[in-house]
$ cat run32.txt   # compact mmCIF, C-alpha atoms
# COMPACT_ATOMS: atom_id res chain seq x y z
CA MET X 1 94.82 82.86 109.99
CA ILE X 2 96.48 80.82 107.27
CA ILE X 3 95.32 80.57 103.67
CA ARG X 4 96.77 77.77 101.53
CA LYS X 5 96.26 77.58 97.79
CA TYR X 6 98.30 76.96 94.62
CA GLY X 7 101.27 75.88 96.78
CA ILE X 8 101.32 79.36 98.32
CA VAL X 9 100.73 80.18 101.99
CA LEU X 10 99.32 83.52 103.10
CA ARG X 11 100.01 83.73 106.83
CA ARG X 12 98.42 86.60 108.73
CA LEU X 13 101.05 89.04 109.95
CA LYS X 14 102.10 88.57 113.56
CA GLU X 15 104.28 90.69 115.80
CA GLY X 16 107.18 88.29 115.32
CA ASP X 17 107.20 89.14 111.59
CA ILE X 18 107.21 92.91 111.77
CA GLU X 19 110.97 93.43 112.11
CA LEU X 20 111.55 91.42 108.93
CA VAL X 21 108.89 93.47 107.15
CA ARG X 22 110.42 96.71 108.43
CA GLN X 23 113.88 95.77 107.16
CA MET X 24 112.53 94.82 103.75
CA ARG X 25 110.28 97.88 103.59
CA ASN X 26 113.26 100.13 104.36
CA SER X 27 115.35 98.74 101.53
CA VAL X 28 116.11 101.17 98.70
CA GLU X 29 114.57 98.82 96.13
CA ILE X 30 111.20 98.83 97.91
CA ARG X 31 111.15 102.33 99.37
CA GLN X 32 111.54 104.07 96.01
CA TYR X 33 108.11 102.84 94.95
CA MET X 34 106.31 103.74 98.18
CA TYR X 35 104.42 106.95 98.93
CA TYR X 36 106.06 107.16 102.37
CA ARG X 37 109.80 106.99 101.75
CA ASP X 38 111.35 107.96 105.08
CA GLU X 39 113.08 105.25 107.09
CA ILE X 40 110.78 103.38 109.44
CA THR X 41 112.11 102.84 112.96
CA SER X 42 111.39 99.82 115.17
CA GLU X 43 109.17 101.94 117.39
CA MET X 44 107.22 103.26 114.41
CA GLN X 45 106.76 99.71 113.17
CA LYS X 46 105.41 98.51 116.52
CA LYS X 47 102.91 101.38 116.67
CA TRP X 48 101.84 100.68 113.09
CA PHE X 49 101.28 97.00 113.84
CA GLN X 50 99.19 97.82 116.90
CA SER X 51 97.04 100.09 114.73
CA VAL X 52 96.37 97.49 112.00
CA ASN X 53 96.18 94.27 114.01
CA ASN X 54 92.40 94.17 114.06
CA VAL X 55 89.35 92.91 112.21
CA TYR X 56 89.44 95.80 109.72
CA ASN X 57 92.92 95.11 108.33
CA TYR X 58 94.37 91.94 106.81
CA TYR X 59 98.12 91.81 106.25
CA PHE X 60 99.63 88.51 105.13
CA ILE X 61 103.19 87.28 104.75
CA ILE X 62 103.51 85.44 101.43
CA GLU X 63 105.35 82.13 101.84
CA VAL X 64 106.50 79.65 99.21
CA ASN X 65 108.21 76.45 100.35
CA GLY X 66 108.67 78.02 103.79
CA ASN X 67 110.36 81.10 102.34
CA LYS X 68 108.91 84.44 103.40
CA MET X 69 109.11 86.46 100.19
CA GLY X 70 106.61 89.31 100.36
CA LEU X 71 103.67 91.04 102.02
CA ILE X 72 100.13 91.48 100.73
CA HIS X 73 97.21 93.27 102.31
CA GLY X 74 93.62 94.38 102.24
CA LYS X 75 93.39 97.28 104.70
CA ASP X 76 90.82 99.76 105.98
CA ASN X 77 87.93 97.36 105.36
CA ASP X 78 84.68 99.32 105.47
CA PHE X 79 81.96 96.69 105.72
CA GLU X 80 79.18 99.27 105.34
CA LYS X 81 80.56 100.89 102.18
CA GLY X 82 81.96 97.56 100.97
CA THR X 83 85.45 98.91 100.29
CA CYS X 84 89.07 98.30 101.23
CA GLU X 85 92.52 99.20 99.95
CA GLY X 86 94.85 96.55 98.56
CA GLY X 87 98.59 96.39 98.12
CA ILE X 88 101.55 94.05 97.71
CA PHE X 89 105.33 94.20 97.75
CA ILE X 90 107.81 91.45 97.00
CA TRP X 91 111.26 91.62 98.57
CA ASP X 92 112.66 88.34 97.26
CA LYS X 93 113.77 89.26 93.74
CA SER X 94 113.87 85.62 92.64
CA TYR X 95 110.04 85.65 92.57
CA LEU X 96 109.70 88.80 90.50
CA GLY X 97 108.58 87.96 87.00
CA THR X 98 107.10 84.64 88.15
CA PRO X 99 103.37 83.82 88.56
CA ILE X 100 103.67 83.83 92.38
CA PRO X 101 102.78 87.52 93.03
CA SER X 102 99.77 87.31 90.70
CA LEU X 103 98.58 84.08 92.31
CA ALA X 104 98.94 85.61 95.77
CA SER X 105 96.86 88.61 94.63
CA ILE X 106 94.17 86.34 93.22
CA ILE X 107 94.02 84.38 96.48
CA LEU X 108 93.47 87.60 98.44
CA ASN X 109 90.98 88.93 95.89
CA ASP X 110 89.06 85.67 96.16
CA PHE X 111 89.09 86.11 99.95
CA THR X 112 87.78 89.65 99.52
CA PHE X 113 85.05 89.00 96.97
CA TYR X 114 84.03 85.39 97.71
CA THR X 115 84.57 85.09 101.47
CA VAL X 116 83.92 88.67 102.63
CA HIS X 117 80.72 88.98 100.67
CA SER X 118 79.88 92.57 101.60
CA LEU X 119 83.00 94.04 99.95
CA ASN X 120 82.49 95.20 96.40
CA THR X 121 85.48 97.44 95.64
CA VAL X 122 89.22 97.27 96.29
CA TYR X 123 91.19 100.46 95.81
CA ALA X 124 94.92 100.71 95.13
CA LYS X 125 97.24 103.66 94.87
CA VAL X 126 100.28 103.66 92.62
CA VAL X 127 103.12 106.15 92.88
CA GLN X 128 103.34 108.01 89.59
CA GLY X 129 106.14 106.64 87.48
CA ASN X 130 105.78 103.09 88.79
CA LYS X 131 104.90 101.60 85.42
CA THR X 132 105.42 98.06 86.70
CA ALA X 133 102.74 98.43 89.40
CA LEU X 134 100.38 100.17 86.98
CA LYS X 135 100.74 97.34 84.46
CA TYR X 136 100.40 94.71 87.19
CA ASN X 137 97.19 96.23 88.55
CA ARG X 138 95.69 96.49 85.09
CA PHE X 139 96.54 92.84 84.52
CA MET X 140 94.63 92.03 87.73
CA GLY X 141 91.57 93.95 86.47
CA TYR X 142 92.01 97.35 88.13
CA GLU X 143 90.93 100.51 86.33
CA ILE X 144 91.97 104.14 86.74
CA CYS X 145 89.59 106.01 89.05
CA PRO X 146 89.22 109.48 90.61
CA PRO X 147 91.51 110.17 93.61
CA LEU X 148 90.25 109.32 97.08
CA ASN X 149 92.30 111.98 98.83
CA ASP X 150 94.74 114.82 98.24
CA ASP X 151 97.93 112.72 98.16
CA LYS X 152 100.22 114.12 95.48
CA ASP X 153 101.85 112.10 92.69
CA ILE X 154 99.48 109.17 93.23
CA GLN X 155 97.41 107.33 90.65
CA TRP X 156 94.34 105.74 92.22
CA MET X 157 92.88 102.55 90.76
CA ARG X 158 89.94 100.35 91.68
CA LEU X 159 88.85 96.78 91.21
CA THR X 160 85.11 96.19 91.50
CA ALA X 161 83.58 92.82 92.27
CA GLU X 162 81.72 92.92 88.96
CA ASN X 163 84.90 93.55 87.00
CA TYR X 164 86.83 90.97 88.99
CA PHE X 165 84.27 88.24 88.33
CA LYS X 166 84.50 88.98 84.60
CA HIS X 167 88.28 89.25 84.56
CA ILE X 168 88.98 86.18 86.68
CA LYS X 169 87.22 83.92 84.18
CA ILE X 170 90.04 84.60 81.76
CA LEU X 171 92.80 84.44 84.36
CA ARG X 172 91.51 81.20 85.86
CA LYS X 173 92.10 79.39 82.58
CA GLY X 174 95.78 80.18 82.88
CA ILE X 175 95.77 79.32 86.56
CA THR X 176 94.24 75.93 85.82
CA SER X 177 96.87 75.22 83.21
CA LEU X 178 99.62 76.26 85.63
CA THR X 179 98.39 74.72 88.89
CA GLY X 180 95.67 72.22 87.96
CA ASP X 181 93.29 74.12 90.25
CA ASN X 182 90.30 75.81 88.59
CA THR X 183 88.35 76.73 91.74
CA PRO X 184 88.10 80.00 93.65
CA LEU X 185 89.28 80.11 97.25
CA SER X 186 87.09 78.07 99.57
CA LEU X 187 86.63 78.19 103.33
CA GLU X 188 88.28 74.77 103.55
CA GLU X 189 91.53 76.41 102.42
CA ILE X 190 91.50 78.76 105.41
CA ASP X 191 92.43 77.72 108.95
CA PHE X 192 93.38 79.25 112.27
CA SER X 193 95.82 76.62 113.49
CA ASP X 194 98.62 79.13 114.09
CA ASP X 195 96.47 81.43 116.23
CA SER X 196 96.60 81.45 120.01
CA ALA X 197 93.51 81.81 122.17
CA GLU X 198 94.58 85.42 122.72
CA ASP X 199 94.77 85.99 118.95
CA ILE X 200 91.28 84.60 118.47
CA LYS X 201 89.86 86.73 121.27
CA HIS X 202 91.50 89.89 119.96
CA LEU X 203 90.88 89.42 116.23
CA TYR X 204 87.78 87.28 115.80
CA THR X 205 85.41 87.91 118.71
CA ASN X 206 82.22 89.71 117.66
CA LEU X 207 82.97 89.34 113.97
CA PRO X 208 81.14 91.71 111.62
CA LYS X 209 78.29 90.11 109.70
CA ALA X 210 80.47 89.99 106.58
CA LEU X 211 82.95 87.68 108.31
CA GLN X 212 80.56 85.38 110.13
CA GLY X 213 81.32 82.68 107.56
CA LEU X 214 84.76 82.27 109.13
CA LYS X 215 83.33 80.99 112.42
CA PRO X 216 83.06 77.30 111.38
CA ARG X 217 86.72 77.28 110.34
CA ILE X 218 87.75 78.91 113.63
CA LEU X 219 85.82 76.23 115.55
CA GLN X 220 87.31 73.46 113.42
CA SER X 221 90.77 74.75 114.29
CA GLY X 222 89.97 74.03 117.94
CA HIS X 223 89.10 77.54 119.08
CA GLN X 224 86.03 79.03 120.69
CA VAL X 225 84.43 82.28 119.54
$ encode --input "run32.txt" --output "C-alpha cells"
Amino acid sequence: MIIRKYGIVLRRLKEGDIELVRQMRNSVEIRQYMYYRDEITSEMQKKWFQSVNNVYNYYFIIEVNGNKMGLIHGKDNDFEKGTCEGGIFIWDKSYLGTPIPSLASIILNDFTFYTVHSLNTVYAKVVQGNKTALKYNRFMGYEICPPLNDDKDIQWMRLTAENYFKHIKILRKGITSLTGDNTPLSLEEIDFSDDSAEDIKHLYTNLPKALQGLKPRILQSGHQV
C-alpha cells in the first residue's frame, strides 16, 4: 500500500525495510524516548515484523523525494471497539522542526478516521519527560487520558474522531496555505502498485467490513481480492 499526499509518500513497511528501521530504532537519539530501550537484534526484528504484518497493524515508511526519513504507524486496530494505537519517529534530523512529521501524521489520521470509518479513537503513549512528544501530540489534538495498562513512567493520550474533526478544521487552513491542498485524504490517493500477489493475498483477503472501501483501489492496481 502506498499513500501519496502533500508531496509525502507513506509506503507500507515491507521486510526489505526492517533492517533500516532496526538500525534507526537502535540509535541512542531514538532509543532514549522509547519505552523499550534495550537493543533490538535482527532476529527480534524479524519476529516483530511477522507479528505486525497483518490487517490489524499499519506501519509506514515516510518518504520525501525518495528519502526514507521516518516511520509512522497505527497498530492494534480493534475494529469492534473502534480503537488503535498511533506512533511516529523521525530518524532524519533534517526534517525535525519542519511541517513534514505533522503532515505525515495528518495523512495517517485521515486514513484512520475517513477511510477506516469504524475507528473512533487513536491512543498514544508518551514516555514521561518527553516534552517534545507531549507538545506534538497536543498540537495534533490528543488529550491526556487514563492509562490503558500498568506500564510505568508512561503518559497515555487519546485522539477521538470528534476531536480530530474539530481540530483539523484549524490545521487544514495552515495546510492549504503550505501545500495548496485543502482536502482530506481520498481513496484516489491510495494505491497498491508496489504489492505483489502474495502481499495482497496475505494482507487484504477477507478484509474486515471497515476496510472494504479499499477493494476498488486494490482492483484498480491490477490485483484480485
$ residues_around --input "run32.txt" --residues "Leu148 in chain X" --least-positions-apart "3" --cutoff "12 Å" --atoms "all atoms listed in the file" --output "NGL selection string"
:X and (83-85 or 123-125 or 144-145 or 151-152 or 154-158)
$ write_last_selection --input "run32.txt" --atoms "C-alpha atoms" --output "PDB file, in the frame of the given file"
ATOM      1  CA  THR X  83      85.450  98.910 100.290  1.00  0.00           C
ATOM      2  CA  CYS X  84      89.070  98.300 101.230  1.00  0.00           C
ATOM      3  CA  GLU X  85      92.520  99.200  99.950  1.00  0.00           C
ATOM      4  CA  TYR X 123      91.190 100.460  95.810  1.00  0.00           C
ATOM      5  CA  ALA X 124      94.920 100.710  95.130  1.00  0.00           C
ATOM      6  CA  LYS X 125      97.240 103.660  94.870  1.00  0.00           C
ATOM      7  CA  ILE X 144      91.970 104.140  86.740  1.00  0.00           C
ATOM      8  CA  CYS X 145      89.590 106.010  89.050  1.00  0.00           C
ATOM      9  CA  ASP X 151      97.930 112.720  98.160  1.00  0.00           C
ATOM     10  CA  LYS X 152     100.220 114.120  95.480  1.00  0.00           C
ATOM     11  CA  ILE X 154      99.480 109.170  93.230  1.00  0.00           C
ATOM     12  CA  GLN X 155      97.410 107.330  90.650  1.00  0.00           C
ATOM     13  CA  TRP X 156      94.340 105.740  92.220  1.00  0.00           C
ATOM     14  CA  MET X 157      92.880 102.550  90.760  1.00  0.00           C
ATOM     15  CA  ARG X 158      89.940 100.350  91.680  1.00  0.00           C
TER      16      ARG X 158
END
$ atom_distance --input "run32.txt" --atom1 "CA of Asp153 in chain X" --atom2 "CA of Gly74 in chain X"
21.7 Å
$ atom_distance --input "run32.txt" --atom1 "CA of Ile61 in chain X" --atom2 "CA of Arg25 in chain X"
12.8 Å
$ atom_distance --input "run32.txt" --atom1 "CA of Leu203 in chain X" --atom2 "CA of Pro216 in chain X"
15.2 Å
$ residues_around --input "run32.txt" --residues "Tyr6 in chain X" --least-positions-apart "6" --cutoff "8 Å" --atoms "all atoms listed in the file" --output "ChimeraX atom specification"
/X:103,179,181
$ closest_residue --input "run32.txt" --among "X:Arg172, X:Ser102, X:Leu214, X:Phe111" --to "Met140 in chain X" --atoms "all atoms listed in the file"
X:Ser102
$ closest_residue --input "run32.txt" --among "X:Arg138, X:Arg4, X:Lys131, X:Lys46" --to "Asn65 in chain X" --atoms "only C-alpha atoms"
X:Arg4
$ closest_residue --input "run32.txt" --among "X:Ile8, X:Ile18, X:Ile106, X:Ile3" --to "Phe165 in chain X" --atoms "only C-alpha atoms"
X:Ile106
$ closest_residue --input "run32.txt" --among "X:Glu63, X:Glu80, X:Leu108, X:Tyr95" --to "Gly7 in chain X" --atoms "all atoms listed in the file"
X:Glu63
$ closest_residue --input "run32.txt" --among "X:Phe192, X:Tyr164, X:Phe113, X:Phe60" --to "Gly82 in chain X" --atoms "all atoms listed in the file"
X:Phe113
$ closest_residue --input "run32.txt" --among "X:Leu185, X:Phe139, X:Asp150, X:Val9" --to "Ile170 in chain X" --atoms "all atoms listed in the file"
X:Phe139
$ residues_near_point --input "run32.txt" --point "(83.5, 80.3, 119.4)" --cutoff "9 Å" --atoms "all atoms listed in the file" --output "PyMOL selection string"
chain X and resi 200+204-205+215-216+218-219+223-225
$ write_last_selection --input "run32.txt" --atoms "C-alpha atoms" --output "PDB file, in the coordinates of the input"
ATOM      1  CA  ILE X 200      91.280  84.600 118.470  1.00  0.00           C
ATOM      2  CA  TYR X 204      87.780  87.280 115.800  1.00  0.00           C
ATOM      3  CA  THR X 205      85.410  87.910 118.710  1.00  0.00           C
ATOM      4  CA  LYS X 215      83.330  80.990 112.420  1.00  0.00           C
ATOM      5  CA  PRO X 216      83.060  77.300 111.380  1.00  0.00           C
ATOM      6  CA  ILE X 218      87.750  78.910 113.630  1.00  0.00           C
ATOM      7  CA  LEU X 219      85.820  76.230 115.550  1.00  0.00           C
ATOM      8  CA  HIS X 223      89.100  77.540 119.080  1.00  0.00           C
ATOM      9  CA  GLN X 224      86.030  79.030 120.690  1.00  0.00           C
ATOM     10  CA  VAL X 225      84.430  82.280 119.540  1.00  0.00           C
TER      11      VAL X 225
END
$ residues_near_point --input "run32.txt" --point "(90.1, 94.6, 102.1)" --cutoff "12 Å" --atoms "only C-alpha atoms" --output "NGL selection string"
:X and (55-60 or 72-79 or 81-87 or 105 or 108-124 or 158-161 or 210-211)
$ decode --input "run32.txt" --residues "range 140-158 of chain X" --atoms "N, CA and C atoms" --output "PDB file, in the first residue's frame"
ATOM      1  N   MET X 140      -1.529  17.972  17.654  1.00  0.00           N
ATOM      2  CA  MET X 140      -2.314  17.149  16.737  1.00  0.00           C
ATOM      3  C   MET X 140      -3.738  16.918  17.239  1.00  0.00           C
ATOM      4  N   GLY X 141      -4.036  17.337  18.490  1.00  0.00           N
ATOM      5  CA  GLY X 141      -5.390  17.211  19.010  1.00  0.00           C
ATOM      6  C   GLY X 141      -5.572  16.164  20.086  1.00  0.00           C
ATOM      7  N   TYR X 142      -4.486  15.503  20.495  1.00  0.00           N
ATOM      8  CA  TYR X 142      -4.571  14.497  21.553  1.00  0.00           C
ATOM      9  C   TYR X 142      -4.819  15.165  22.903  1.00  0.00           C
ATOM     10  N   GLU X 143      -5.449  14.413  23.792  1.00  0.00           N
ATOM     11  CA  GLU X 143      -5.688  14.862  25.160  1.00  0.00           C
ATOM     12  C   GLU X 143      -5.192  13.795  26.128  1.00  0.00           C
ATOM     13  N   ILE X 144      -4.805  14.226  27.334  1.00  0.00           N
ATOM     14  CA  ILE X 144      -4.405  13.288  28.378  1.00  0.00           C
ATOM     15  C   ILE X 144      -5.586  12.392  28.719  1.00  0.00           C
ATOM     16  N   CYS X 145      -5.314  11.107  28.934  1.00  0.00           N
ATOM     17  CA  CYS X 145      -6.393  10.170  29.286  1.00  0.00           C
ATOM     18  C   CYS X 145      -5.888   9.171  30.321  1.00  0.00           C
ATOM     19  N   PRO X 146      -6.795   8.434  30.963  1.00  0.00           N
ATOM     20  CA  PRO X 146      -6.379   7.420  31.932  1.00  0.00           C
ATOM     21  C   PRO X 146      -5.513   6.357  31.263  1.00  0.00           C
ATOM     22  N   PRO X 147      -4.597   5.719  32.015  1.00  0.00           N
ATOM     23  CA  PRO X 147      -3.717   4.697  31.445  1.00  0.00           C
ATOM     24  C   PRO X 147      -4.493   3.473  30.979  1.00  0.00           C
ATOM     25  N   LEU X 148      -3.976   2.846  29.926  1.00  0.00           N
ATOM     26  CA  LEU X 148      -4.605   1.644  29.386  1.00  0.00           C
ATOM     27  C   LEU X 148      -4.017   0.375  29.966  1.00  0.00           C
ATOM     28  N   ASN X 149      -2.839   0.498  30.589  1.00  0.00           N
ATOM     29  CA  ASN X 149      -2.221  -0.673  31.201  1.00  0.00           C
ATOM     30  C   ASN X 149      -1.350  -0.226  32.368  1.00  0.00           C
ATOM     31  N   ASP X 150      -0.517  -1.135  32.855  1.00  0.00           N
ATOM     32  CA  ASP X 150       0.287  -0.842  34.039  1.00  0.00           C
ATOM     33  C   ASP X 150       1.710  -0.400  33.709  1.00  0.00           C
ATOM     34  N   ASP X 151       1.987  -0.064  32.456  1.00  0.00           N
ATOM     35  CA  ASP X 151       3.325   0.409  32.098  1.00  0.00           C
ATOM     36  C   ASP X 151       3.703   1.610  32.958  1.00  0.00           C
ATOM     37  N   LYS X 152       4.909   1.589  33.497  1.00  0.00           N
ATOM     38  CA  LYS X 152       5.358   2.667  34.366  1.00  0.00           C
ATOM     39  C   LYS X 152       5.974   3.800  33.546  1.00  0.00           C
ATOM     40  N   ASP X 153       5.902   5.004  34.100  1.00  0.00           N
ATOM     41  CA  ASP X 153       6.528   6.191  33.504  1.00  0.00           C
ATOM     42  C   ASP X 153       6.012   6.474  32.105  1.00  0.00           C
ATOM     43  N   ILE X 154       4.723   6.210  31.903  1.00  0.00           N
ATOM     44  CA  ILE X 154       4.082   6.448  30.603  1.00  0.00           C
ATOM     45  C   ILE X 154       2.907   7.397  30.792  1.00  0.00           C
ATOM     46  N   GLN X 155       2.801   8.368  29.911  1.00  0.00           N
ATOM     47  CA  GLN X 155       1.625   9.230  29.854  1.00  0.00           C
ATOM     48  C   GLN X 155       0.781   8.811  28.655  1.00  0.00           C
ATOM     49  N   TRP X 156      -0.427   8.355  28.908  1.00  0.00           N
ATOM     50  CA  TRP X 156      -1.320   7.970  27.824  1.00  0.00           C
ATOM     51  C   TRP X 156      -2.119   9.179  27.337  1.00  0.00           C
ATOM     52  N   MET X 157      -2.344   9.218  26.031  1.00  0.00           N
ATOM     53  CA  MET X 157      -3.120  10.288  25.413  1.00  0.00           C
ATOM     54  C   MET X 157      -4.068   9.662  24.392  1.00  0.00           C
ATOM     55  N   ARG X 158      -5.120  10.393  24.044  1.00  0.00           N
ATOM     56  CA  ARG X 158      -6.042   9.860  23.052  1.00  0.00           C
ATOM     57  C   ARG X 158      -6.542  10.972  22.140  1.00  0.00           C
TER      58      ARG X 158
END
